[in-house]
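Undergrad: Provided herewith: structure24.cif, mmCIF, C-alpha atoms.
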```
data_structure
#
loop_
_atom_site.label_atom_id
_atom_site.label_comp_id
_atom_site.auth_asym_id
_atom_site.auth_seq_id
_atom_site.Cartn_x
_atom_site.Cartn_y
_atom_site.Cartn_z
CA MET A 1 -15.65 -6.86 11.56
CA ILE A 2 -17.83 -9.97 11.11
CA ARG A 3 -21.40 -9.40 9.91
CA ARG A 4 -24.40 -11.70 9.64
CA MET A 5 -24.82 -12.38 5.94
CA LYS A 6 -27.55 -13.69 3.71
CA PRO A 7 -27.50 -17.47 3.20
CA LEU A 8 -25.16 -18.73 0.49
CA ARG A 9 -26.69 -20.54 -2.47
CA LEU A 10 -24.84 -23.35 -4.22
CA HIS A 11 -25.33 -23.96 -7.93
CA PHE A 12 -23.97 -27.09 -9.59
CA GLY A 13 -23.25 -28.23 -13.10
CA GLY A 14 -22.78 -31.87 -13.96
CA PRO A 15 -24.15 -34.86 -15.82
CA ASP A 16 -27.09 -34.96 -13.40
CA GLN A 17 -27.97 -31.31 -14.12
CA PRO A 18 -29.52 -29.71 -17.23
CA PRO A 19 -26.89 -29.00 -19.91
CA ARG A 20 -25.49 -25.47 -19.65
CA ALA A 21 -27.12 -25.01 -16.23
CA LEU A 22 -24.48 -22.57 -14.96
CA SER A 23 -24.31 -20.66 -18.24
CA MET A 24 -28.06 -20.18 -18.17
CA LEU A 25 -27.89 -19.02 -14.53
CA LEU A 26 -25.48 -16.26 -15.59
CA HIS A 27 -27.65 -15.48 -18.59
CA ARG A 28 -30.75 -15.02 -16.41
CA LEU A 29 -28.88 -12.61 -14.15
CA ILE A 30 -27.61 -10.61 -17.13
CA THR A 31 -31.06 -10.30 -18.70
CA ALA A 32 -32.57 -9.28 -15.34
CA SER A 33 -30.15 -6.34 -15.04
CA VAL A 34 -31.71 -2.94 -15.68
CA PRO A 35 -30.28 0.46 -16.67
CA GLY A 36 -28.11 1.80 -13.87
CA ASP A 37 -27.09 -1.66 -12.62
CA ARG A 38 -23.49 -2.83 -12.84
CA ILE A 39 -22.14 -6.15 -14.10
CA CYS A 40 -18.52 -6.85 -13.26
CA TRP A 41 -16.93 -10.10 -14.43
CA VAL A 42 -13.49 -11.68 -14.20
CA THR A 43 -12.97 -14.97 -16.04
CA TYR A 44 -10.23 -17.16 -17.49
CA TYR A 45 -11.95 -18.79 -20.47
CA PHE A 46 -14.79 -17.02 -22.28
CA ARG A 47 -16.06 -18.74 -25.42
CA ASP A 48 -19.84 -18.50 -24.89
CA ARG A 49 -21.25 -16.28 -27.65
CA VAL A 50 -24.75 -16.37 -26.11
CA LEU A 51 -23.41 -14.79 -22.93
CA ALA A 52 -21.22 -12.38 -24.89
CA ARG A 53 -24.25 -11.12 -26.84
CA ALA A 54 -26.23 -10.83 -23.59
CA LEU A 55 -23.48 -8.63 -22.10
CA MET A 56 -23.44 -6.46 -25.22
CA ASP A 57 -27.23 -6.10 -25.07
CA ALA A 58 -27.00 -5.17 -21.38
CA ALA A 59 -24.43 -2.46 -22.16
CA ASP A 60 -26.69 -1.13 -24.95
CA ARG A 61 -29.65 -0.76 -22.58
CA GLY A 62 -27.66 1.20 -19.99
CA VAL A 63 -26.13 -1.42 -17.71
CA GLN A 64 -22.53 -0.61 -16.81
CA VAL A 65 -20.60 -3.72 -17.91
CA SER A 66 -17.01 -4.32 -16.81
CA LEU A 67 -15.34 -7.47 -18.10
CA LEU A 68 -11.77 -8.69 -17.53
CA VAL A 69 -10.72 -11.78 -19.53
CA ASP A 70 -7.45 -13.67 -19.79
CA GLY A 71 -5.97 -13.00 -23.22
CA SER A 72 -3.34 -15.74 -22.96
CA PRO A 73 -4.98 -18.84 -21.45
CA ARG A 74 -3.35 -22.24 -21.69
CA ARG A 75 -5.27 -22.89 -24.92
CA LYS A 76 -4.03 -19.64 -26.41
CA SER A 77 -6.68 -19.04 -29.10
CA ALA A 78 -9.65 -20.23 -27.05
CA ASN A 79 -11.04 -16.76 -26.25
CA ASP A 80 -10.25 -15.14 -29.61
CA ALA A 81 -13.69 -15.41 -31.23
CA VAL A 82 -15.59 -13.92 -28.29
CA LEU A 83 -12.93 -11.26 -27.71
CA SER A 84 -13.25 -10.25 -31.36
CA MET A 85 -17.02 -9.80 -30.88
CA LEU A 86 -16.55 -7.83 -27.69
CA ARG A 87 -13.79 -5.61 -29.10
CA THR A 88 -15.98 -4.75 -32.06
CA HIS A 89 -18.80 -3.78 -29.73
CA GLY A 90 -16.58 -2.23 -27.05
CA LEU A 91 -18.97 -2.73 -24.09
CA ARG A 92 -18.92 1.08 -23.87
CA GLY A 93 -15.31 0.93 -22.70
CA GLY A 94 -15.91 -1.93 -20.27
CA LEU A 95 -13.71 -4.59 -21.86
CA ALA A 96 -10.22 -5.27 -20.51
CA VAL A 97 -7.86 -8.12 -21.41
CA HIS A 98 -5.16 -9.61 -19.19
CA ASN A 99 -2.13 -10.32 -21.38
CA LYS A 100 1.26 -11.83 -20.71
CA PRO A 101 3.40 -9.21 -18.96
CA ALA A 102 6.65 -8.22 -20.64
CA TRP A 103 8.57 -8.79 -17.39
CA GLY A 104 7.92 -12.53 -17.16
CA ARG A 105 6.45 -14.23 -20.19
CA ARG A 106 7.59 -17.73 -19.25
CA LEU A 107 6.15 -17.61 -15.73
CA HIS A 108 3.31 -15.20 -16.35
CA PRO A 109 0.32 -15.23 -13.98
CA HIS A 110 -2.92 -16.45 -15.51
CA LEU A 111 -6.10 -14.58 -14.68
CA HIS A 112 -7.62 -17.77 -13.31
CA ALA A 113 -10.27 -16.31 -10.96
CA LYS A 114 -13.94 -16.76 -11.78
CA LEU A 115 -15.97 -13.86 -10.38
CA TYR A 116 -19.38 -12.69 -11.59
CA VAL A 117 -20.78 -9.61 -9.82
CA PHE A 118 -24.26 -8.22 -10.42
CA ALA A 119 -24.64 -4.93 -8.54
CA GLY A 120 -28.18 -3.61 -8.53
CA GLN A 121 -31.09 -3.39 -6.11
CA GLN A 122 -30.34 -6.94 -4.96
CA PRO A 123 -26.58 -7.32 -5.42
CA VAL A 124 -25.09 -10.79 -5.79
CA ALA A 125 -21.66 -12.19 -6.61
CA LEU A 126 -20.89 -15.69 -7.80
CA ILE A 127 -17.53 -17.37 -7.26
CA GLY A 128 -16.36 -20.88 -7.93
CA SER A 129 -14.88 -23.07 -10.63
CA PHE A 130 -17.05 -22.36 -13.68
CA ASN A 131 -15.74 -20.66 -16.83
CA PRO A 132 -18.17 -19.86 -19.68
CA SER A 133 -15.88 -21.89 -21.90
CA GLY A 134 -18.44 -23.74 -24.01
CA ASP A 135 -20.32 -22.46 -27.03
CA GLU A 136 -23.74 -23.16 -28.53
CA PRO A 137 -23.49 -24.43 -31.17
CA GLU A 138 -19.97 -25.70 -30.56
CA GLU A 139 -17.76 -24.87 -33.56
CA ASP A 140 -14.39 -26.01 -32.21
CA PRO A 141 -14.66 -29.43 -30.54
CA ASP A 142 -10.86 -29.62 -30.32
CA VAL A 143 -10.94 -26.91 -27.64
CA ILE A 144 -13.50 -28.82 -25.60
CA ALA A 145 -11.47 -31.99 -26.00
CA GLU A 146 -8.48 -30.21 -24.43
CA ILE A 147 -10.05 -28.10 -21.69
CA GLY A 148 -13.11 -30.25 -20.95
CA ASP A 149 -16.82 -29.56 -21.35
CA GLN A 150 -17.43 -27.27 -18.39
CA ASP A 151 -21.08 -26.78 -19.36
CA ARG A 152 -21.83 -30.45 -18.74
CA GLY A 153 -19.03 -31.61 -16.43
CA HIS A 154 -18.93 -31.22 -12.65
CA ASN A 155 -18.64 -27.56 -11.73
CA MET A 156 -20.02 -25.17 -9.16
CA LEU A 157 -20.76 -21.53 -8.43
CA VAL A 158 -21.52 -20.16 -4.97
CA GLU A 159 -23.90 -17.20 -4.85
CA ILE A 160 -23.14 -14.52 -2.26
CA GLY A 161 -25.87 -12.06 -1.35
CA ASP A 162 -24.21 -10.00 1.39
CA PRO A 163 -24.11 -6.42 -0.03
CA ALA A 164 -20.88 -5.42 1.69
CA LEU A 165 -19.06 -8.55 0.56
CA VAL A 166 -20.40 -8.14 -2.98
CA ALA A 167 -19.12 -4.56 -2.98
CA ALA A 168 -15.69 -5.71 -1.76
CA LEU A 169 -15.50 -8.32 -4.52
CA GLU A 170 -16.48 -5.73 -7.12
CA GLN A 171 -13.71 -3.47 -5.77
CA GLN A 172 -11.28 -6.37 -6.09
CA ALA A 173 -12.29 -6.95 -9.69
CA GLN A 174 -11.50 -3.31 -10.46
CA LEU A 175 -8.10 -3.66 -8.74
CA TRP A 176 -7.31 -6.66 -10.95
CA ARG A 177 -8.50 -4.72 -13.98
CA GLN A 178 -5.88 -2.04 -13.28
CA HIS A 179 -2.99 -4.14 -11.98
CA SER A 180 -3.39 -7.77 -13.12
CA SER A 181 -0.09 -7.70 -15.03
CA SER A 182 1.93 -5.94 -12.35
CA PRO A 183 4.71 -7.96 -10.64
CA LEU A 184 3.94 -5.96 -7.49
CA LEU A 185 0.30 -7.06 -7.25
CA ARG A 186 1.00 -9.51 -4.39
CA LEU A 187 2.50 -6.65 -2.34
CA ARG A 188 -0.62 -4.47 -2.42
CA ALA A 189 -2.55 -4.15 0.82
CA LEU A 190 -5.90 -4.73 -0.90
CA GLN A 191 -4.58 -7.94 -2.44
CA ASN A 192 -3.56 -9.31 0.97
CA ARG A 193 -6.71 -8.36 2.85
CA VAL A 194 -9.18 -10.99 4.04
CA LEU A 195 -12.81 -10.47 3.05
CA GLN A 196 -15.13 -11.84 5.71
CA ALA A 197 -18.82 -11.99 6.49
CA ASP A 198 -20.10 -14.40 9.14
CA ALA A 199 -19.19 -17.96 8.07
CA LEU A 200 -17.46 -17.04 4.81
CA THR A 201 -13.87 -15.84 4.41
CA VAL A 202 -12.37 -15.00 1.00
CA TYR A 203 -8.64 -14.99 0.31
CA LEU A 204 -7.15 -13.31 -2.75
CA TYR A 205 -4.18 -14.66 -4.68
CA PRO A 206 -1.38 -13.90 -5.37
CA ARG A 207 -0.68 -13.03 -1.76
CA LEU A 208 2.21 -12.99 0.67
CA ARG A 209 0.86 -15.67 3.02
CA THR A 210 -0.05 -18.66 0.88
CA SER A 211 -0.46 -21.61 3.28
CA ILE A 212 -4.11 -21.01 4.14
CA VAL A 213 -5.43 -24.54 3.63
CA GLU A 214 -2.34 -26.26 5.04
CA SER A 215 -2.72 -24.40 8.34
CA ASP A 216 -6.16 -25.96 8.85
CA ILE A 217 -5.01 -29.42 7.76
CA ALA A 218 -2.24 -29.25 10.38
CA THR A 219 -4.87 -29.03 13.16
CA LEU A 220 -6.54 -32.34 12.24
CA ALA A 221 -5.87 -35.46 14.29
CA ALA A 222 -6.52 -39.21 14.18
CA GLY A 223 -10.16 -39.94 13.41
CA ASP A 224 -10.75 -36.65 11.56
CA ARG A 225 -11.60 -36.60 7.85
CA ILE A 226 -10.60 -34.80 4.67
CA SER A 227 -12.59 -35.21 1.47
CA GLY A 228 -12.49 -33.26 -1.73
CA ALA A 229 -13.24 -33.05 -5.45
CA LEU A 230 -10.18 -31.52 -7.09
CA SER A 231 -9.50 -30.87 -10.75
CA HIS A 232 -5.75 -30.28 -10.26
CA VAL A 233 -3.30 -31.82 -7.80
CA LYS A 234 0.47 -31.46 -8.10
CA PRO A 235 3.36 -32.09 -5.65
CA GLY A 236 3.91 -29.29 -3.15
CA PRO A 237 2.97 -28.03 0.32
CA PHE A 238 -0.64 -29.21 -0.07
CA THR A 239 0.21 -32.81 -0.87
CA ARG A 240 2.85 -32.85 1.87
CA ALA A 241 0.22 -31.62 4.33
CA LEU A 242 -2.17 -34.37 3.19
CA GLY A 243 0.54 -36.99 3.61
CA ALA A 244 1.38 -35.76 7.11
CA ALA A 245 -2.31 -35.78 8.04
CA ALA A 246 -2.73 -39.35 6.79
CA ALA A 247 0.33 -40.36 8.85
CA ARG A 248 -1.42 -38.93 11.94
CA GLY A 249 -4.48 -41.10 11.27
CA VAL A 250 -6.65 -38.60 9.37
CA ALA A 251 -8.84 -40.31 6.75
CA VAL A 252 -8.22 -38.60 3.39
CA ASN A 253 -10.49 -39.30 0.41
CA LEU A 254 -10.07 -37.44 -2.90
CA ILE A 255 -11.78 -37.58 -6.30
CA VAL A 256 -9.68 -36.08 -9.08
CA HIS A 257 -9.93 -35.25 -12.76
CA ASP A 258 -8.95 -37.95 -15.23
CA THR A 259 -6.03 -36.34 -17.06
CA GLU A 260 -2.31 -36.87 -16.63
CA ARG A 261 -1.70 -33.15 -17.15
CA ARG A 262 -3.89 -32.04 -14.26
CA VAL A 263 -3.24 -34.95 -11.91
CA PRO A 264 -0.14 -36.98 -12.84
CA GLU A 265 -0.29 -40.73 -12.28
CA ALA A 266 2.93 -40.49 -10.25
CA MET A 267 1.09 -38.10 -7.92
CA LEU A 268 -1.70 -40.63 -7.41
CA THR A 269 0.82 -43.36 -6.69
CA GLN A 270 2.56 -41.21 -4.09
CA LEU A 271 -0.71 -40.27 -2.38
CA THR A 272 -1.91 -43.87 -2.35
CA GLN A 273 1.37 -45.03 -0.81
CA GLN A 274 0.81 -42.47 1.96
CA GLY A 275 -2.54 -44.05 2.82
CA ILE A 276 -4.72 -41.56 0.94
CA GLN A 277 -7.71 -42.88 -0.99
CA VAL A 278 -7.82 -41.37 -4.47
CA GLN A 279 -10.34 -42.06 -7.25
CA ARG A 280 -10.05 -40.85 -10.81
CA TYR A 281 -13.34 -39.68 -12.31
CA ARG A 282 -13.67 -41.29 -15.75
CA HIS A 283 -16.92 -40.28 -17.43
CA PRO A 284 -17.71 -42.30 -20.58
CA ALA A 285 -18.26 -39.07 -22.54
CA GLY A 286 -15.07 -37.51 -21.19
CA LEU A 287 -16.88 -34.98 -18.99
CA PRO A 288 -14.52 -33.46 -16.41
CA VAL A 289 -14.47 -32.90 -12.70
CA HIS A 290 -13.64 -29.20 -12.79
CA ALA A 291 -15.09 -28.47 -9.35
CA LYS A 292 -12.57 -27.55 -6.65
CA TYR A 293 -13.74 -28.07 -3.08
CA LEU A 294 -12.19 -29.57 0.02
CA LEU A 295 -13.94 -30.54 3.26
CA LEU A 296 -12.15 -30.84 6.61
CA GLN A 297 -14.08 -32.43 9.47
CA GLY A 298 -13.42 -33.38 13.08
CA PRO A 299 -15.50 -33.60 16.29
CA ALA A 300 -15.14 -29.87 17.01
CA PHE A 301 -13.96 -28.59 13.65
CA HIS A 302 -15.67 -28.47 10.27
CA CYS A 303 -14.85 -26.21 7.34
CA GLY A 304 -14.79 -26.26 3.57
CA TYR A 305 -12.75 -24.56 0.87
CA PHE A 306 -13.88 -23.72 -2.64
CA GLY A 307 -13.21 -21.24 -5.44
CA SER A 308 -11.01 -21.06 -8.52
CA PHE A 309 -7.88 -22.12 -6.62
CA ASN A 310 -6.07 -25.21 -7.96
CA PHE A 311 -3.94 -27.18 -5.55
CA ASN A 312 -0.71 -26.70 -7.45
CA THR A 313 2.28 -24.33 -7.50
CA ARG A 314 0.92 -22.04 -10.21
CA SER A 315 -2.25 -21.21 -8.27
CA ARG A 316 -0.31 -20.82 -5.02
CA LEU A 317 2.46 -18.53 -6.29
CA LEU A 318 1.52 -17.03 -9.66
CA ASN A 319 -2.12 -16.91 -10.67
CA ILE A 320 -4.87 -14.47 -9.83
CA GLU A 321 -7.28 -16.63 -7.82
CA LEU A 322 -10.14 -16.66 -5.33
CA LEU A 323 -10.17 -19.10 -2.42
CA ALA A 324 -13.11 -19.13 0.00
CA ARG A 325 -13.25 -20.78 3.43
CA CYS A 326 -16.72 -21.59 4.76
CA THR A 327 -17.97 -22.86 8.12
CA ASP A 328 -21.72 -22.65 7.41
CA PRO A 329 -23.15 -26.08 8.38
CA ALA A 330 -25.85 -25.92 5.71
CA VAL A 331 -23.32 -25.25 2.93
CA LEU A 332 -20.97 -27.95 4.19
CA ALA A 333 -23.82 -30.47 4.32
CA VAL A 334 -24.69 -29.77 0.68
CA LEU A 335 -21.04 -30.12 -0.36
CA GLN A 336 -20.74 -33.38 1.59
CA GLU A 337 -23.83 -34.74 -0.17
CA ARG A 338 -22.43 -33.66 -3.52
CA PHE A 339 -19.12 -35.34 -2.77
CA ALA A 340 -20.86 -38.57 -1.73
CA ALA A 341 -22.85 -38.60 -4.98
CA LEU A 342 -19.67 -37.97 -6.98
CA ALA A 343 -17.91 -40.80 -5.14
CA ARG A 344 -20.76 -43.18 -6.00
CA GLU A 345 -20.58 -42.10 -9.65
CA ALA A 346 -16.81 -42.60 -9.77
CA GLU A 347 -17.16 -46.03 -8.15
CA MET A 348 -19.74 -47.11 -10.75
CA GLN A 349 -17.43 -45.95 -13.53
CA GLN A 350 -14.69 -48.23 -12.19
CA HIS A 351 -17.02 -51.14 -11.35
CA PRO A 352 -20.11 -50.96 -13.60
CA PRO A 353 -22.98 -53.28 -12.69
CA THR A 354 -23.03 -56.55 -14.60
#
```
Hey, can you dump this file as structure tokens for me?

TA:
Amino acid sequence: MIRRMKPLRLHFGGPDQPPRALSMLLHRLITASVPGDRICWVTYYFRDRVLARALMDAADRGVQVSLLVDGSPRRKSANDAVLSMLRTHGLRGGLAVHNKPAWGRRLHPHLHAKLYVFAGQQPVALIGSFNPSGDEPEEDPDVIAEIGDQDRGHNMLVEIGDPALVAALEQQAQLWRQHSSSPLLRLRALQNRVLQADALTVYLYPRLRTSIVESDIATLAAGDRISGALSHVKPGPFTRALGAAAARGVAVNLIVHDTERRVPEAMLTQLTQQGIQVQRYRHPAGLPVHAKYLLLQGPAFHCGYFGSFNFNTRSRLLNIELLARCTDPAVLAVLQERFAALAREAEMQQHPPT
């Protein structure tokens, strides 16, 4: 059933925004929670001690706090300090950690979703690309050097206010809390459902049907456009779909993160040879493009994708992820404006004024 939902709100982090803008947004929502409310979070990196203390304070004043954190992220020790704080406190039993499963340590699924649910009188859920991975003050700059300063780099969270959709996302967080390490997670009916309200559709990974974005790309024809800010791009069905679209005459324009690990130079060469315009974002302070959104546009077709989903094999087949598809013209217009501003910034980085 499709319902009319409250308007989505987009929140951005970036060099043009106040430092820690998205962290402070989450902090305000935590501190506004009152006894009897519920806070339910799922996140990959969690290093922000300010937010950790705010969650502990919320639990102490009677807010039901449920937190699921990846215990084995790519930077293995990144979450240790905050997890030590939270384990000592306990969150009144609300802390859970996703660890490498014994059945597949080499190809274990990361808990890569970013989901922040605040269930009270006015329930909201935020999804997107932002991890609370910075700290204030920062005591381990080596971590930031590796994973990127997500408090100051390009990032986004999308605020959902539809109560039924918020409730479904909270239910999903609890499912992940119980079964995140199960090899059978992708087979569960709840994991393969599609959450929908009006112009927003949310897909949950891992899932059985994985080619969500590629199915839309396949409908585009000569004169249509694809544009996107992507932190990760690796060879696979997505890049093959982009190449086929470019061969049909679709204009494809991407801005990608400036690291070989996340976007190999060979991948850029291949895309460029297929007629795809690709810009690396090279901020002088090393700030990343960690946002993940893709816009598809034609005369009678316009949609956007965003979430935690990286356009690589790990996100498609292994990780726990959220991918949202949106057709709301107002949201797409904001994302298009944000992309245009990012493109101008990337162009100035490559060709600074003299």

Undergrad: Could you pull the residues within 12 Å of A:Pro284, counting all atoms listed in the file, minus those fewer than 4 positions along the same chain, as a VMD selection string?

TA: chain A and resid 15 153 258 288 345 to 346 348 to 350 352

Undergrad: Let's have the selection written as a CSV table (one decimal), keeping the file's coordinate frame, with C-alpha atoms.

TA:
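So out-v2.csv came out as:
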```
chain,number,residue,atom,x,y,z
A,15,PRO,CA,-24.2,-34.9,-15.8
A,153,GLY,CA,-19.0,-31.6,-16.4
A,258,ASP,CA,-9.0,-38.0,-15.2
A,288,PRO,CA,-14.5,-33.5,-16.4
A,345,GLU,CA,-20.6,-42.1,-9.6
A,346,ALA,CA,-16.8,-42.6,-9.8
A,348,MET,CA,-19.7,-47.1,-10.8
A,349,GLN,CA,-17.4,-46.0,-13.5
A,350,GLN,CA,-14.7,-48.2,-12.2
A,352,PRO,CA,-20.1,-51.0,-13.6
```

Undergrad: Given the file shown, enumerate the residues that the PyMOL selection byres ((chain A and resi 16) around 12) captures and present them as a PyMOL selection string.

TA: chain A and resi 12-15+17-21+151-155+287+338+341-342+345

Undergrad: Please determine, counting only C-alpha atoms, which residue among A:Pro132, A:Pro123, A:Pro329, A:Pro183 has the shortest atom-to-atom distance to A:Glu170.

TA: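 Of A:Pro132, A:Pro123, A:Pro329, A:Pro183, the one nearest A:Glu170, counting only C-alpha atoms, is A:Pro123.
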
Undergrad: If you count only C-alpha atoms, which residues fall within 12 Å of stretch 333-337 of chain A, apart from same-chain ones fewer than 6 positions away, as number ranges by chain?

TA: A: 8-12, 155-158, 225-229, 253, 291-297, 302-306, 326-327, 343-344

Undergrad: Using C-alpha atoms, can you write the selected residues to a file as a PDB file, in the frame of the given file?

TA:
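Result file is result.pdb:
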```
ATOM      1  CA  LEU A   8     -25.160 -18.730   0.490  1.00  0.00           C
ATOM      2  CA  ARG A   9     -26.690 -20.540  -2.470  1.00  0.00           C
ATOM      3  CA  LEU A  10     -24.840 -23.350  -4.220  1.00  0.00           C
ATOM      4  CA  HIS A  11     -25.330 -23.960  -7.930  1.00  0.00           C
ATOM      5  CA  PHE A  12     -23.970 -27.090  -9.590  1.00  0.00           C
ATOM      6  CA  ASN A 155     -18.640 -27.560 -11.730  1.00  0.00           C
ATOM      7  CA  MET A 156     -20.020 -25.170  -9.160  1.00  0.00           C
ATOM      8  CA  LEU A 157     -20.760 -21.530  -8.430  1.00  0.00           C
ATOM      9  CA  VAL A 158     -21.520 -20.160  -4.970  1.00  0.00           C
ATOM     10  CA  ARG A 225     -11.600 -36.600   7.850  1.00  0.00           C
ATOM     11  CA  ILE A 226     -10.600 -34.800   4.670  1.00  0.00           C
ATOM     12  CA  SER A 227     -12.590 -35.210   1.470  1.00  0.00           C
ATOM     13  CA  GLY A 228     -12.490 -33.260  -1.730  1.00  0.00           C
ATOM     14  CA  ALA A 229     -13.240 -33.050  -5.450  1.00  0.00           C
ATOM     15  CA  ASN A 253     -10.490 -39.300   0.410  1.00  0.00           C
ATOM     16  CA  ALA A 291     -15.090 -28.470  -9.350  1.00  0.00           C
ATOM     17  CA  LYS A 292     -12.570 -27.550  -6.650  1.00  0.00           C
ATOM     18  CA  TYR A 293     -13.740 -28.070  -3.080  1.00  0.00           C
ATOM     19  CA  LEU A 294     -12.190 -29.570   0.020  1.00  0.00           C
ATOM     20  CA  LEU A 295     -13.940 -30.540   3.260  1.00  0.00           C
ATOM     21  CA  LEU A 296     -12.150 -30.840   6.610  1.00  0.00           C
ATOM     22  CA  GLN A 297     -14.080 -32.430   9.470  1.00  0.00           C
ATOM     23  CA  HIS A 302     -15.670 -28.470  10.270  1.00  0.00           C
ATOM     24  CA  CYS A 303     -14.850 -26.210   7.340  1.00  0.00           C
ATOM     25  CA  GLY A 304     -14.790 -26.260   3.570  1.00  0.00           C
ATOM     26  CA  TYR A 305     -12.750 -24.560   0.870  1.00  0.00           C
ATOM     27  CA  PHE A 306     -13.880 -23.720  -2.640  1.00  0.00           C
ATOM     28  CA  CYS A 326     -16.720 -21.590   4.760  1.00  0.00           C
ATOM     29  CA  THR A 327     -17.970 -22.860   8.120  1.00  0.00           C
ATOM     30  CA  ALA A 343     -17.910 -40.800  -5.140  1.00  0.00           C
ATOM     31  CA  ARG A 344     -20.760 -43.180  -6.000  1.00  0.00           C
TER      32      ARG A 344
END
```

Undergrad: Considering only C-alpha atoms, can you say which of A:Val233, A:Ala168, A:Leu322, A:Ala125 comes closest to A:Pro206?

TA: A:Leu322

Undergrad: Select from stretch 64-168 of chain A every residue with an atom at most 8 Å from any atom of stretch 28-35 of chain A, then for each give the shortest pair of atoms and their distance in Å to one decimal, using only C-alpha atoms, rows by chain and rising number, as a Markdown table.

TA:
```
| residue | atom | partner | partner_atom | distance |
| --- | --- | --- | --- | --- |
| A:Gln64 | CA | A:Pro35 | CA | 7.8 |
| A:Phe118 | CA | A:Leu29 | CA | 7.4 |
| A:Gly120 | CA | A:Ser33 | CA | 7.3 |
```

Undergrad: Mind dumping the selected residues with C-alpha atoms as a PDB file, in the frame of the given file?

TA:
```pdb
ATOM      1  CA  GLN A  64     -22.530  -0.610 -16.810  1.00  0.00           C
ATOM      2  CA  PHE A 118     -24.260  -8.220 -10.420  1.00  0.00           C
ATOM      3  CA  GLY A 120     -28.180  -3.610  -8.530  1.00  0.00           C
TER       4      GLY A 120
END
```

Undergrad: Tell me which protein, DNA and RNA residues are within 8 Å of A:Val278, counting all atoms listed in the file, leaving out same-chain ones fewer than 3 positions away, and put them as a list in words.

TA: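 Here the qualifying residues turn out to be Asn253, Leu254, Ile255, Val256, Leu268, Leu271 and Thr272 of chain A.
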
Undergrad: Can you work out which one of A:Leu204, A:Leu95, A:Ala247, A:Ala199 has the shortest atom-to-atom distance to A:Asp224, counting all atoms listed in the file?

TA: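 Once distances to A:Asp224 are computed over all atoms listed in the file, the minimum belongs to A:Ala247.
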
Undergrad: I'd like the residues picked by the PyMOL selection byres ((chain A and resi 216) around 10) written out as an mmCIF file with C-alpha atoms, in the coordinates of the input, using the chain letters and numbers from the file.

TA:
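Here's the written file part14.cif:
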```cif
data_model
loop_
_atom_site.group_PDB
_atom_site.id
_atom_site.type_symbol
_atom_site.label_atom_id
_atom_site.label_comp_id
_atom_site.auth_asym_id
_atom_site.auth_seq_id
_atom_site.Cartn_x
_atom_site.Cartn_y
_atom_site.Cartn_z
ATOM 1 C CA SER A 211 -0.460 -21.610 3.280
ATOM 2 C CA ILE A 212 -4.110 -21.010 4.140
ATOM 3 C CA VAL A 213 -5.430 -24.540 3.630
ATOM 4 C CA GLU A 214 -2.340 -26.260 5.040
ATOM 5 C CA SER A 215 -2.720 -24.400 8.340
ATOM 6 C CA ILE A 217 -5.010 -29.420 7.760
ATOM 7 C CA ALA A 218 -2.240 -29.250 10.380
ATOM 8 C CA THR A 219 -4.870 -29.030 13.160
ATOM 9 C CA LEU A 220 -6.540 -32.340 12.240
ATOM 10 C CA ALA A 241 0.220 -31.620 4.330
ATOM 11 C CA LEU A 296 -12.150 -30.840 6.610
ATOM 12 C CA PHE A 301 -13.960 -28.590 13.650
ATOM 13 C CA HIS A 302 -15.670 -28.470 10.270
ATOM 14 C CA CYS A 303 -14.850 -26.210 7.340
#
```

Undergrad: Figure out the distance between atom CA of A:His108 and atom CA of A:Thr259, please, to one decimal in Å.

TA: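 Here the two named atoms are 23.1 Å from each other.
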
Undergrad: List the spatial neighbours of A:Leu86 as a list in words - criterion: any atom at most 9 Å away, only C-alpha atoms, same-chain residues fewer than 3 positions off excluded.

TA: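 Near neighbours after the sequence-gap exclusion: Ala52, Arg53, Leu55, Met56, Ala81, Val82, Leu83, His89, Gly90, Leu91 and Leu95 of chain A.
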
Undergrad: Just give me the gap between atom CA of A:His257 and atom CA of A:Gln279 in Å, one decimal is fine.

TA: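 Value for the atom CA of A:His257-atom CA of A:Gln279 distance: 8.8 Å.
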
Undergrad: Give me the residues within 12 Å of A:Leu200 as a short mmCIF file (atom, residue, chain, number, x, y, z; two decimals) with C-alpha atoms, keeping the file's coordinate frame, counting only C-alpha atoms and dropping any in the same chain fewer than 4 places off.

TA:
```
data_model
loop_
_atom_site.label_atom_id
_atom_site.label_comp_id
_atom_site.auth_asym_id
_atom_site.auth_seq_id
_atom_site.Cartn_x
_atom_site.Cartn_y
_atom_site.Cartn_z
CA ILE A 2 -17.83 -9.97 11.11
CA ARG A 3 -21.40 -9.40 9.91
CA ARG A 4 -24.40 -11.70 9.64
CA MET A 5 -24.82 -12.38 5.94
CA LYS A 6 -27.55 -13.69 3.71
CA PRO A 7 -27.50 -17.47 3.20
CA LEU A 8 -25.16 -18.73 0.49
CA VAL A 158 -21.52 -20.16 -4.97
CA GLU A 159 -23.90 -17.20 -4.85
CA ILE A 160 -23.14 -14.52 -2.26
CA GLY A 161 -25.87 -12.06 -1.35
CA ASP A 162 -24.21 -10.00 1.39
CA LEU A 165 -19.06 -8.55 0.56
CA VAL A 194 -9.18 -10.99 4.04
CA LEU A 195 -12.81 -10.47 3.05
CA GLN A 196 -15.13 -11.84 5.71
CA CYS A 303 -14.85 -26.21 7.34
CA GLY A 304 -14.79 -26.26 3.57
CA TYR A 305 -12.75 -24.56 0.87
CA PHE A 306 -13.88 -23.72 -2.64
CA GLY A 307 -13.21 -21.24 -5.44
CA LEU A 323 -10.17 -19.10 -2.42
CA ALA A 324 -13.11 -19.13 0.00
CA ARG A 325 -13.25 -20.78 3.43
CA CYS A 326 -16.72 -21.59 4.76
CA THR A 327 -17.97 -22.86 8.12
CA ASP A 328 -21.72 -22.65 7.41
CA PRO A 329 -23.15 -26.08 8.38
CA VAL A 331 -23.32 -25.25 2.93
CA LEU A 332 -20.97 -27.95 4.19
#
```
